[in-house]
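What follows is a single structure, written as C-alpha coordinates, with notes after it.
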Amino acid sequence: MWADAIRAEAFRLTKSRTTWFWSVFFAPILMLALSAITSFFIKANEAKLTEDPKIQADLSEVLATVPLDLGQAMVTNAASLSNPLVVAFMLIGAATVYAGDYRWETWRLISARNTRTNQLLGKLAVVTGLALMAMLIMLISSTIGDMIQAGIFGRGLTFTMDAGDVGQFSALAGLSLLRIVQFTMVGLLAAVMTRSLLVALFVPLVLGIAQFFVPMQVLPPMGLMPDSWVSILFNPGGAIDTIKDLVKGGEVAAAVPDHVPVRAWISAILWTLLPAIGAIAWFNRQDLSKE
(Lines give C-alpha, C1' and ligand atoms only; values in the text may rest on other atoms or scores of the structure.)
Protein backbone atom coordinates (compact mmCIF):
# COMPACT_ATOMS: atom_id res chain seq x y z
CA MET A 1 0.00 0.00 0.00
CA TRP A 2 1.01 3.60 -0.59
CA ALA A 3 0.71 4.40 3.13
CA ASP A 4 3.17 1.62 3.96
CA ALA A 5 5.65 3.02 1.44
CA ILE A 6 5.32 6.49 2.95
CA ARG A 7 5.87 5.20 6.49
CA ALA A 8 8.93 3.21 5.42
CA GLU A 9 10.52 6.16 3.61
CA ALA A 10 9.70 8.58 6.41
CA PHE A 11 11.22 6.25 9.01
CA ARG A 12 14.44 5.94 7.05
CA LEU A 13 14.61 9.71 6.54
CA THR A 14 14.28 10.36 10.28
CA LYS A 15 17.54 8.47 10.78
CA SER A 16 19.49 10.76 8.46
CA ARG A 17 20.37 13.79 10.58
CA THR A 18 22.77 15.15 7.98
CA THR A 19 20.03 15.22 5.36
CA TRP A 20 17.70 17.03 7.75
CA PHE A 21 20.32 19.65 8.58
CA TRP A 22 21.29 20.51 5.01
CA SER A 23 17.81 20.25 3.50
CA VAL A 24 15.71 21.86 6.23
CA PHE A 25 17.83 23.91 8.63
CA PHE A 26 20.93 25.19 6.85
CA ALA A 27 19.28 27.69 4.47
CA PRO A 28 17.06 29.30 7.18
CA ILE A 29 19.99 29.58 9.60
CA LEU A 30 22.18 31.16 6.91
CA MET A 31 19.44 33.59 5.84
CA LEU A 32 18.77 34.58 9.46
CA ALA A 33 22.46 35.21 10.10
CA LEU A 34 22.83 37.30 6.94
CA SER A 35 19.68 39.27 7.77
CA ALA A 36 20.93 40.08 11.29
CA ILE A 37 24.42 41.04 10.06
CA THR A 38 22.93 43.28 7.37
CA SER A 39 20.68 45.03 9.89
CA PHE A 40 23.56 45.64 12.30
CA PHE A 41 25.73 46.94 9.44
CA ILE A 42 23.06 49.36 8.23
CA LYS A 43 22.44 50.60 11.77
CA ALA A 44 26.15 51.12 12.41
CA ASN A 45 26.58 53.05 9.15
CA GLU A 46 23.18 54.74 9.08
CA ALA A 47 24.59 58.28 9.04
CA LYS A 48 26.87 57.60 6.08
CA LEU A 49 24.31 55.63 4.11
CA THR A 50 21.58 58.25 4.46
CA GLU A 51 23.85 60.92 2.99
CA ASP A 52 23.28 59.38 -0.46
CA PRO A 53 19.68 60.10 -1.60
CA LYS A 54 19.58 56.95 -3.77
CA ILE A 55 20.69 54.66 -0.95
CA GLN A 56 18.35 56.40 1.47
CA ALA A 57 15.43 55.73 -0.88
CA ASP A 58 16.39 52.05 -1.09
CA LEU A 59 16.58 51.80 2.70
CA SER A 60 13.43 53.78 3.41
CA GLU A 61 11.45 50.70 4.44
CA VAL A 62 14.23 49.39 6.69
CA LEU A 63 14.78 52.77 8.36
CA ALA A 64 11.08 53.50 8.82
CA THR A 65 9.95 54.27 12.35
CA VAL A 66 6.39 52.96 11.99
CA PRO A 67 5.61 49.64 13.71
CA LEU A 68 6.44 46.50 11.76
CA ASP A 69 3.35 44.45 10.90
CA LEU A 70 4.43 40.82 11.32
CA GLY A 71 1.22 39.52 9.76
CA GLN A 72 1.80 41.40 6.51
CA ALA A 73 5.47 40.46 6.64
CA MET A 74 4.49 36.78 6.82
CA VAL A 75 2.31 37.17 3.73
CA THR A 76 5.21 38.79 1.90
CA ASN A 77 7.65 36.11 3.07
CA ALA A 78 5.34 33.33 1.87
CA ALA A 79 6.20 34.28 -1.71
CA SER A 80 9.92 33.69 -1.08
CA LEU A 81 9.69 30.32 0.66
CA SER A 82 10.93 28.72 -2.57
CA ASN A 83 13.89 31.05 -3.00
CA PRO A 84 16.92 29.60 -4.84
CA LEU A 85 18.78 28.82 -1.62
CA VAL A 86 15.91 26.75 -0.20
CA VAL A 87 15.37 24.95 -3.50
CA ALA A 88 19.06 24.17 -3.96
CA PHE A 89 19.52 22.66 -0.50
CA MET A 90 16.20 20.80 -0.69
CA LEU A 91 17.76 18.89 -3.58
CA ILE A 92 20.12 17.23 -1.10
CA GLY A 93 17.22 15.61 0.69
CA ALA A 94 15.38 14.84 -2.54
CA ALA A 95 18.42 13.22 -4.15
CA THR A 96 19.05 11.18 -1.00
CA VAL A 97 15.48 9.87 -0.95
CA TYR A 98 15.20 9.29 -4.71
CA ALA A 99 18.63 7.73 -5.33
CA GLY A 100 19.55 6.33 -1.93
CA ASP A 101 18.34 2.81 -2.71
CA TYR A 102 20.49 2.73 -5.84
CA ARG A 103 23.54 3.93 -3.92
CA TRP A 104 23.16 1.37 -1.15
CA GLU A 105 21.78 -1.35 -3.46
CA THR A 106 18.71 -1.91 -1.33
CA TRP A 107 16.04 -1.91 -4.03
CA ARG A 108 16.19 -5.70 -4.27
CA LEU A 109 15.42 -5.93 -0.55
CA ILE A 110 12.37 -3.66 -0.53
CA SER A 111 10.89 -3.98 -4.03
CA ALA A 112 9.11 -7.22 -3.16
CA ARG A 113 7.22 -5.58 -0.28
CA ASN A 114 5.12 -3.19 -2.35
CA THR A 115 4.37 -2.19 -5.92
CA ARG A 116 7.00 -0.13 -7.66
CA THR A 117 4.58 2.71 -8.31
CA ASN A 118 3.63 2.91 -4.64
CA GLN A 119 7.27 2.91 -3.61
CA LEU A 120 8.14 5.78 -5.94
CA LEU A 121 5.03 7.73 -4.92
CA GLY A 122 5.96 7.11 -1.30
CA LYS A 123 9.32 8.76 -1.92
CA LEU A 124 7.55 11.68 -3.60
CA ALA A 125 5.21 12.11 -0.62
CA VAL A 126 8.13 12.11 1.83
CA VAL A 127 10.04 14.69 -0.21
CA THR A 128 6.90 16.84 -0.28
CA GLY A 129 6.69 16.59 3.50
CA LEU A 130 10.37 17.50 3.77
CA ALA A 131 9.71 20.55 1.57
CA LEU A 132 6.85 21.62 3.84
CA MET A 133 9.13 21.36 6.86
CA ALA A 134 11.84 23.39 5.11
CA MET A 135 9.27 26.06 4.26
CA LEU A 136 8.01 26.19 7.86
CA ILE A 137 11.51 26.62 9.26
CA MET A 138 12.26 29.28 6.64
CA LEU A 139 9.07 31.15 7.58
CA ILE A 140 10.02 31.05 11.26
CA SER A 141 13.54 32.22 10.37
CA SER A 142 12.18 35.11 8.28
CA THR A 143 9.84 36.17 11.09
CA ILE A 144 12.65 36.11 13.65
CA GLY A 145 14.78 38.13 11.23
CA ASP A 146 12.01 40.72 10.92
CA MET A 147 11.76 40.92 14.72
CA ILE A 148 15.53 41.37 15.05
CA GLN A 149 15.44 44.12 12.43
CA ALA A 150 12.60 45.86 14.26
CA GLY A 151 14.54 45.68 17.52
CA ILE A 152 17.72 47.09 15.99
CA PHE A 153 15.93 50.06 14.43
CA GLY A 154 13.62 50.67 17.38
CA ARG A 155 10.39 49.79 15.59
CA GLY A 156 7.33 48.50 17.39
CA LEU A 157 5.58 45.28 16.41
CA THR A 158 1.98 44.71 15.38
CA PHE A 159 0.12 41.76 13.85
CA THR A 160 -2.80 42.07 11.46
CA MET A 161 -4.06 39.38 9.11
CA ASP A 162 -7.63 39.23 7.86
CA ALA A 163 -9.35 36.50 5.85
CA GLY A 164 -8.06 37.92 2.58
CA ASP A 165 -4.50 37.91 3.89
CA VAL A 166 -4.88 34.30 5.03
CA GLY A 167 -6.06 33.33 1.56
CA GLN A 168 -3.17 35.17 -0.07
CA PHE A 169 -0.68 33.62 2.35
CA SER A 170 -2.03 30.12 1.66
CA ALA A 171 -1.93 30.64 -2.12
CA LEU A 172 1.64 31.99 -2.08
CA ALA A 173 2.83 29.21 0.23
CA GLY A 174 1.12 26.62 -1.97
CA LEU A 175 2.83 28.00 -5.07
CA SER A 176 6.17 27.95 -3.24
CA LEU A 177 5.60 24.29 -2.41
CA LEU A 178 4.69 23.58 -6.03
CA ARG A 179 7.94 25.19 -7.15
CA ILE A 180 10.05 23.07 -4.80
CA VAL A 181 8.29 19.83 -5.73
CA GLN A 182 8.45 20.69 -9.43
CA PHE A 183 12.19 21.32 -9.19
CA THR A 184 12.82 18.00 -7.43
CA MET A 185 10.83 16.11 -10.07
CA VAL A 186 13.74 16.52 -12.46
CA GLY A 187 15.95 14.96 -9.79
CA LEU A 188 13.54 12.02 -9.50
CA LEU A 189 13.70 11.34 -13.23
CA ALA A 190 17.49 11.71 -13.26
CA ALA A 191 17.84 9.35 -10.28
CA VAL A 192 15.74 6.62 -11.87
CA MET A 193 17.37 6.89 -15.29
CA THR A 194 20.99 7.05 -14.13
CA ARG A 195 20.84 5.31 -10.71
CA SER A 196 23.17 8.04 -9.46
CA LEU A 197 22.76 10.32 -6.45
CA LEU A 198 25.16 12.91 -7.83
CA VAL A 199 23.32 13.11 -11.14
CA ALA A 200 20.02 13.49 -9.29
CA LEU A 201 21.60 16.38 -7.40
CA PHE A 202 23.40 18.27 -10.16
CA VAL A 203 21.13 17.83 -13.20
CA PRO A 204 18.30 19.91 -11.67
CA LEU A 205 20.82 22.57 -10.60
CA VAL A 206 22.33 22.89 -14.07
CA LEU A 207 18.91 22.83 -15.70
CA GLY A 208 17.60 25.43 -13.26
CA ILE A 209 20.47 27.80 -14.08
CA ALA A 210 19.83 27.31 -17.80
CA GLN A 211 16.11 27.91 -17.34
CA PHE A 212 16.89 31.21 -15.61
CA PHE A 213 19.35 32.64 -18.13
CA VAL A 214 18.21 31.27 -21.51
CA PRO A 215 14.80 33.06 -21.66
CA MET A 216 16.50 36.37 -20.81
CA GLN A 217 19.79 36.13 -22.71
CA VAL A 218 19.43 33.59 -25.53
CA LEU A 219 15.82 33.60 -26.69
CA PRO A 220 15.15 37.38 -27.07
CA PRO A 221 17.78 37.81 -29.83
CA MET A 222 15.99 34.97 -31.63
CA GLY A 223 12.74 36.93 -31.51
CA LEU A 224 11.27 34.95 -28.60
CA MET A 225 10.24 37.39 -25.90
CA PRO A 226 9.85 36.40 -22.21
CA ASP A 227 6.06 36.17 -22.59
CA SER A 228 6.22 33.81 -25.61
CA TRP A 229 5.13 30.18 -25.42
CA VAL A 230 8.69 28.90 -25.79
CA SER A 231 10.14 31.16 -23.08
CA ILE A 232 7.39 30.38 -20.56
CA LEU A 233 7.44 26.64 -21.23
CA PHE A 234 11.21 26.58 -20.86
CA ASN A 235 11.17 28.40 -17.51
CA PRO A 236 8.69 26.86 -15.03
CA GLY A 237 10.23 28.80 -12.15
CA GLY A 238 9.49 32.09 -13.88
CA ALA A 239 6.02 30.80 -14.70
CA ILE A 240 5.26 30.14 -11.03
CA ASP A 241 6.67 33.57 -10.11
CA THR A 242 4.23 35.10 -12.60
CA ILE A 243 1.33 33.29 -10.94
CA LYS A 244 2.56 34.60 -7.57
CA ASP A 245 2.45 38.13 -8.99
CA LEU A 246 -1.20 37.60 -9.88
CA VAL A 247 -1.92 36.42 -6.33
CA LYS A 248 -0.19 39.48 -4.86
CA GLY A 249 -2.41 41.79 -6.91
CA GLY A 250 -1.83 45.50 -7.36
CA GLU A 251 0.64 46.89 -9.86
CA VAL A 252 2.63 43.66 -10.26
CA ALA A 253 -0.53 41.77 -11.23
CA ALA A 254 -1.66 44.51 -13.61
CA ALA A 255 1.70 44.30 -15.40
CA VAL A 256 1.15 40.63 -16.35
CA PRO A 257 -0.19 40.34 -19.95
CA ASP A 258 -3.58 38.64 -20.27
CA HIS A 259 -2.25 35.71 -22.32
CA VAL A 260 0.52 34.79 -19.85
CA PRO A 261 -1.36 33.17 -16.89
CA VAL A 262 -2.67 30.20 -18.90
CA ARG A 263 0.77 29.59 -20.37
CA ALA A 264 2.33 29.87 -16.93
CA TRP A 265 -0.01 27.26 -15.43
CA ILE A 266 0.59 24.88 -18.34
CA SER A 267 4.37 25.24 -17.92
CA ALA A 268 4.25 24.60 -14.17
CA ILE A 269 1.95 21.58 -14.53
CA LEU A 270 3.91 19.99 -17.38
CA TRP A 271 7.26 20.35 -15.59
CA THR A 272 5.72 18.75 -12.50
CA LEU A 273 3.79 15.86 -14.04
CA LEU A 274 5.89 14.81 -17.04
CA PRO A 275 9.10 14.02 -15.09
CA ALA A 276 7.07 12.12 -12.48
CA ILE A 277 5.22 10.10 -15.12
CA GLY A 278 8.47 9.43 -16.97
CA ALA A 279 10.20 8.29 -13.78
CA ILE A 280 7.36 5.91 -12.84
CA ALA A 281 7.22 4.45 -16.36
CA TRP A 282 11.00 3.96 -16.48
CA PHE A 283 11.13 2.51 -12.96
CA ASN A 284 8.39 -0.03 -13.66
CA ARG A 285 10.44 -1.43 -16.56
CA GLN A 286 13.81 -1.24 -14.81
CA ASP A 287 15.87 -4.33 -14.00
CA LEU A 288 16.63 -3.87 -10.31
CA SER A 289 18.86 -6.95 -10.23
CA LYS A 290 21.57 -4.82 -11.87
CA GLU A 291 22.22 -2.11 -9.33
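Starting from 1 in every chain, residues are counted up; chains themselves are A, B, ... following the order of the C-alpha coordinates, and ligands are numbered from 1 as listed.
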
Exercise. Write out as number ranges by chain the residues lying within 8 Å of Val127 in chain A, counting only C-alpha atoms and excluding same-chain residues fewer than 6 positions away.
Key: A: 93-94, 97, 181

Practice problem: Would you list the contacts of Pro84 in chain A as JSON, numbers by chain, taking every protein, DNA or RNA residue within 12 Å and counting only C-alpha atoms, but skipping same-chain residues closer than 2 positions in sequence? | Solution: {"A": [27, 31, 80, 81, 82, 86, 87, 88, 89, 90, 91, 176, 179, 180, 183, 204, 205, 208, 209, 212, 237, 238]}

Quiz item: Tell me, which residues of range 32-176 of chain A carry DSSP strand (DSSP E or B), written as a ChimeraX atom specification?
Solution: /A:68-69,157-158

Would you export the selected residues with N, CA, C and O atoms as a PDB file, in the first residue's frame, please?
ATOM      1  N   LEU A  68       6.341  47.559  12.762  1.00  0.00           N
ATOM      2  CA  LEU A  68       6.436  46.502  11.758  1.00  0.00           C
ATOM      3  C   LEU A  68       5.276  45.539  11.931  1.00  0.00           C
ATOM      4  O   LEU A  68       5.092  44.965  13.006  1.00  0.00           O
ATOM      5  N   ASP A  69       4.500  45.352  10.864  1.00  0.00           N
ATOM      6  CA  ASP A  69       3.351  44.446  10.898  1.00  0.00           C
ATOM      7  C   ASP A  69       3.828  43.041  10.547  1.00  0.00           C
ATOM      8  O   ASP A  69       4.103  42.733   9.390  1.00  0.00           O
ATOM      9  N   LEU A 157       6.099  46.447  17.126  1.00  0.00           N
ATOM     10  CA  LEU A 157       5.578  45.281  16.412  1.00  0.00           C
ATOM     11  C   LEU A 157       4.057  45.244  16.510  1.00  0.00           C
ATOM     12  O   LEU A 157       3.494  45.505  17.579  1.00  0.00           O
ATOM     13  N   THR A 158       3.419  44.937  15.399  1.00  0.00           N
ATOM     14  CA  THR A 158       1.977  44.708  15.376  1.00  0.00           C
ATOM     15  C   THR A 158       1.720  43.432  14.581  1.00  0.00           C
ATOM     16  O   THR A 158       2.620  42.890  13.939  1.00  0.00           O
TER      17      THR A 158
END

Exercise. Could you find all residues in range 19-178 of chain A that DSSP calls alpha helix (DSSP H) from the backbone, and write them as a PyMOL selection string?
Key: chain A and resi 19-20+26-44+46-49+53-58+70-78+84-103+107-110+116-152+163-178

Practice problem: Find, counting only C-alpha atoms, the residue in A:Leu132, A:Leu85, A:Ala239, A:Ala281 that gets nearest to Ala268 in chain A. | Solution: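 Using only C-alpha atoms, Ala268 in chain A sits closest to A:Ala239.
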
Quiz item: Of the candidates A:Gln149, A:Thr194, A:Thr160, A:Ser267, which one gets nearest to Thr38 in chain A if we count only C-alpha atoms?
Solution: A:Gln149

Near Trp2 in chain A, counting only C-alpha atoms, which residues have an atom at most 8 Å away, once you skip same-chain residues fewer than 3 positions from it, shown as a short mmCIF file (atom, residue, chain, number, x, y, z; two decimals) with all heavy atoms, in the first residue's frame?
data_model
loop_
_atom_site.label_atom_id
_atom_site.label_comp_id
_atom_site.auth_asym_id
_atom_site.auth_seq_id
_atom_site.Cartn_x
_atom_site.Cartn_y
_atom_site.Cartn_z
N ALA A 5 4.44 2.49 2.09
CA ALA A 5 5.65 3.02 1.44
C ALA A 5 6.04 4.36 2.05
O ALA A 5 7.23 4.64 2.25
CB ALA A 5 5.40 3.16 -0.07
N ILE A 6 5.05 5.19 2.34
CA ILE A 6 5.32 6.49 2.95
C ILE A 6 5.93 6.31 4.34
O ILE A 6 6.93 6.97 4.69
CB ILE A 6 4.04 7.34 3.04
CG1 ILE A 6 3.53 7.68 1.63
CG2 ILE A 6 4.28 8.62 3.84
CD1 ILE A 6 2.19 8.38 1.63
N ASN A 118 3.85 2.45 -6.00
CA ASN A 118 3.63 2.91 -4.64
C ASN A 118 4.94 3.33 -3.97
O ASN A 118 4.98 4.31 -3.22
CB ASN A 118 2.97 1.81 -3.81
CG ASN A 118 1.47 1.73 -4.05
OD1 ASN A 118 0.88 2.66 -4.59
ND2 ASN A 118 0.87 0.61 -3.68
N GLN A 119 6.00 2.59 -4.23
CA GLN A 119 7.27 2.91 -3.61
C GLN A 119 7.81 4.25 -4.11
O GLN A 119 8.33 5.05 -3.33
CB GLN A 119 8.28 1.80 -3.88
CG GLN A 119 7.99 0.53 -3.09
CD GLN A 119 8.90 -0.61 -3.46
OE1 GLN A 119 9.43 -0.66 -4.56
NE2 GLN A 119 9.09 -1.54 -2.53
N LEU A 121 5.94 6.70 -5.42
CA LEU A 121 5.03 7.73 -4.92
C LEU A 121 5.23 7.97 -3.43
O LEU A 121 5.02 9.08 -2.94
CB LEU A 121 3.57 7.33 -5.20
CG LEU A 121 3.14 7.34 -6.67
CD1 LEU A 121 1.70 6.86 -6.80
CD2 LEU A 121 3.29 8.74 -7.27
N GLY A 122 5.64 6.94 -2.71
CA GLY A 122 5.96 7.11 -1.30
C GLY A 122 7.15 8.03 -1.12
O GLY A 122 7.17 8.89 -0.23
#

Self-check item: Shell of 9 Å around Thr76 in chain A, only C-alpha atoms, local chain residues under 6 positions omitted, as a ChimeraX atom specification
Solution: /A:169,172,248

Quiz prompt | Exercise: Trp282 in chain A partners within 9 Å, only C-alpha atoms, chain neighbours under 5 positions left out, as a list of chain:residue names | solution =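 Near Trp282 in chain A, the qualifying residues are A:Leu189, A:Val192, A:Met193, A:Ile277.
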
Quiz item: What's the 9 Å shell around Val186 in chain A, counting only C-alpha atoms, without same-chain residues fewer than 2 positions away, as a list in words?
Solution: Gln182, Phe183, Thr184, Leu188, Leu189, Ala190, Ala191, Ala200, Val203, Pro204, Leu207, Trp271, Thr272, Pro275 and Ala276 of chain A

Could you please take those selected residues and save all heavy atoms as a CSV table (one decimal), in the first residue's frame?
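Output below, filename part_35.csv:
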chain,number,residue,atom,x,y,z
A,182,GLN,N,8.2,20.7,-8.0
A,182,GLN,CA,8.4,20.7,-9.4
A,182,GLN,C,9.9,20.6,-9.7
A,182,GLN,O,10.4,19.8,-10.6
A,182,GLN,CB,7.9,21.9,-10.1
A,182,GLN,CG,8.2,22.1,-11.5
A,182,GLN,CD,9.4,22.9,-11.8
A,182,GLN,OE1,9.6,24.0,-11.2
A,182,GLN,NE2,10.3,22.4,-12.6
A,183,PHE,N,10.7,21.3,-9.0
A,183,PHE,CA,12.2,21.3,-9.2
A,183,PHE,C,12.8,19.9,-8.9
A,183,PHE,O,13.7,19.5,-9.6
A,183,PHE,CB,12.8,22.4,-8.3
A,183,PHE,CG,14.2,22.8,-8.8
A,183,PHE,CD1,14.4,23.5,-9.9
A,183,PHE,CD2,15.3,22.4,-8.0
A,183,PHE,CE1,15.7,23.9,-10.3
A,183,PHE,CE2,16.6,22.7,-8.4
A,183,PHE,CZ,16.8,23.5,-9.6
A,184,THR,N,12.3,19.3,-7.8
A,184,THR,CA,12.8,18.0,-7.4
A,184,THR,C,12.3,16.9,-8.4
A,184,THR,O,13.0,15.8,-8.4
A,184,THR,CB,12.4,17.6,-6.0
A,184,THR,OG1,11.0,17.5,-5.9
A,184,THR,CG2,13.0,18.7,-5.0
A,188,LEU,N,14.1,13.4,-9.5
A,188,LEU,CA,13.5,12.0,-9.5
A,188,LEU,C,13.8,11.3,-10.8
A,188,LEU,O,14.2,10.1,-10.8
A,188,LEU,CB,12.1,12.1,-9.2
A,188,LEU,CG,11.2,10.8,-9.3
A,188,LEU,CD1,11.7,9.8,-8.3
A,188,LEU,CD2,9.8,11.1,-9.1
A,189,LEU,N,13.5,12.0,-11.9
A,189,LEU,CA,13.7,11.3,-13.2
A,189,LEU,C,15.2,11.0,-13.5
A,189,LEU,O,15.5,9.9,-14.0
A,189,LEU,CB,13.2,12.3,-14.3
A,189,LEU,CG,13.3,11.8,-15.8
A,189,LEU,CD1,12.5,10.5,-15.9
A,189,LEU,CD2,12.8,12.8,-16.8
A,190,ALA,N,16.1,11.9,-13.1
A,190,ALA,CA,17.5,11.7,-13.3
A,190,ALA,C,18.0,10.5,-12.4
A,190,ALA,O,18.8,9.7,-12.8
A,190,ALA,CB,18.3,13.0,-12.9
A,191,ALA,N,17.4,10.4,-11.2
A,191,ALA,CA,17.8,9.3,-10.3
A,191,ALA,C,17.4,8.0,-10.8
A,191,ALA,O,18.2,7.0,-10.8
A,191,ALA,CB,17.2,9.6,-8.9
A,200,ALA,N,21.3,13.0,-9.8
A,200,ALA,CA,20.0,13.5,-9.3
A,200,ALA,C,20.2,14.8,-8.6
A,200,ALA,O,19.2,15.6,-8.6
A,200,ALA,CB,19.4,12.5,-8.3
A,203,VAL,N,21.9,17.6,-12.0
A,203,VAL,CA,21.1,17.8,-13.2
A,203,VAL,C,20.1,18.9,-13.0
A,203,VAL,O,19.9,19.8,-13.8
A,203,VAL,CB,20.5,16.5,-13.7
A,203,VAL,CG1,19.4,16.8,-14.8
A,203,VAL,CG2,21.6,15.7,-14.4
A,204,PRO,N,19.3,18.8,-11.9
A,204,PRO,CA,18.3,19.9,-11.7
A,204,PRO,C,19.0,21.3,-11.5
A,204,PRO,O,18.4,22.3,-11.9
A,204,PRO,CB,17.6,19.5,-10.4
A,204,PRO,CG,17.7,18.0,-10.3
A,204,PRO,CD,19.1,17.7,-10.9
A,207,LEU,N,20.1,22.5,-14.9
A,207,LEU,CA,18.9,22.8,-15.7
A,207,LEU,C,18.2,24.1,-15.2
A,207,LEU,O,17.8,24.9,-15.9
A,207,LEU,CB,17.9,21.7,-15.7
A,207,LEU,CG,16.6,21.8,-16.5
A,207,LEU,CD1,16.9,22.1,-17.9
A,207,LEU,CD2,15.7,20.6,-16.3
A,271,TRP,N,6.0,20.6,-16.2
A,271,TRP,CA,7.3,20.3,-15.6
A,271,TRP,C,7.1,19.6,-14.3
A,271,TRP,O,8.1,19.0,-13.8
A,271,TRP,CB,8.0,21.7,-15.4
A,271,TRP,CG,8.7,22.1,-16.6
A,271,TRP,CD1,8.3,23.1,-17.5
A,271,TRP,CD2,10.0,21.7,-17.0
A,271,TRP,NE1,9.3,23.2,-18.5
A,271,TRP,CE2,10.3,22.4,-18.2
A,271,TRP,CE3,11.0,20.8,-16.6
A,271,TRP,CZ2,11.5,22.2,-18.9
A,271,TRP,CZ3,12.2,20.6,-17.3
A,271,TRP,CH2,12.4,21.3,-18.4
A,272,THR,N,5.9,19.5,-13.7
A,272,THR,CA,5.7,18.8,-12.5
A,272,THR,C,5.3,17.3,-12.8
A,272,THR,O,5.8,16.4,-12.3
A,272,THR,CB,4.6,19.4,-11.6
A,272,THR,OG1,5.0,20.8,-11.3
A,272,THR,CG2,4.5,18.6,-10.3
A,275,PRO,N,8.0,14.8,-15.7
A,275,PRO,CA,9.1,14.0,-15.1
A,275,PRO,C,8.6,12.9,-14.2
A,275,PRO,O,9.3,11.8,-14.1
A,275,PRO,CB,9.9,15.1,-14.3
A,275,PRO,CG,9.5,16.4,-15.0
A,275,PRO,CD,8.1,16.2,-15.4
A,276,ALA,N,7.6,13.2,-13.4
A,276,ALA,CA,7.1,12.1,-12.5
A,276,ALA,C,6.5,10.9,-13.3
A,276,ALA,O,6.8,9.8,-12.9
A,276,ALA,CB,6.0,12.7,-11.6
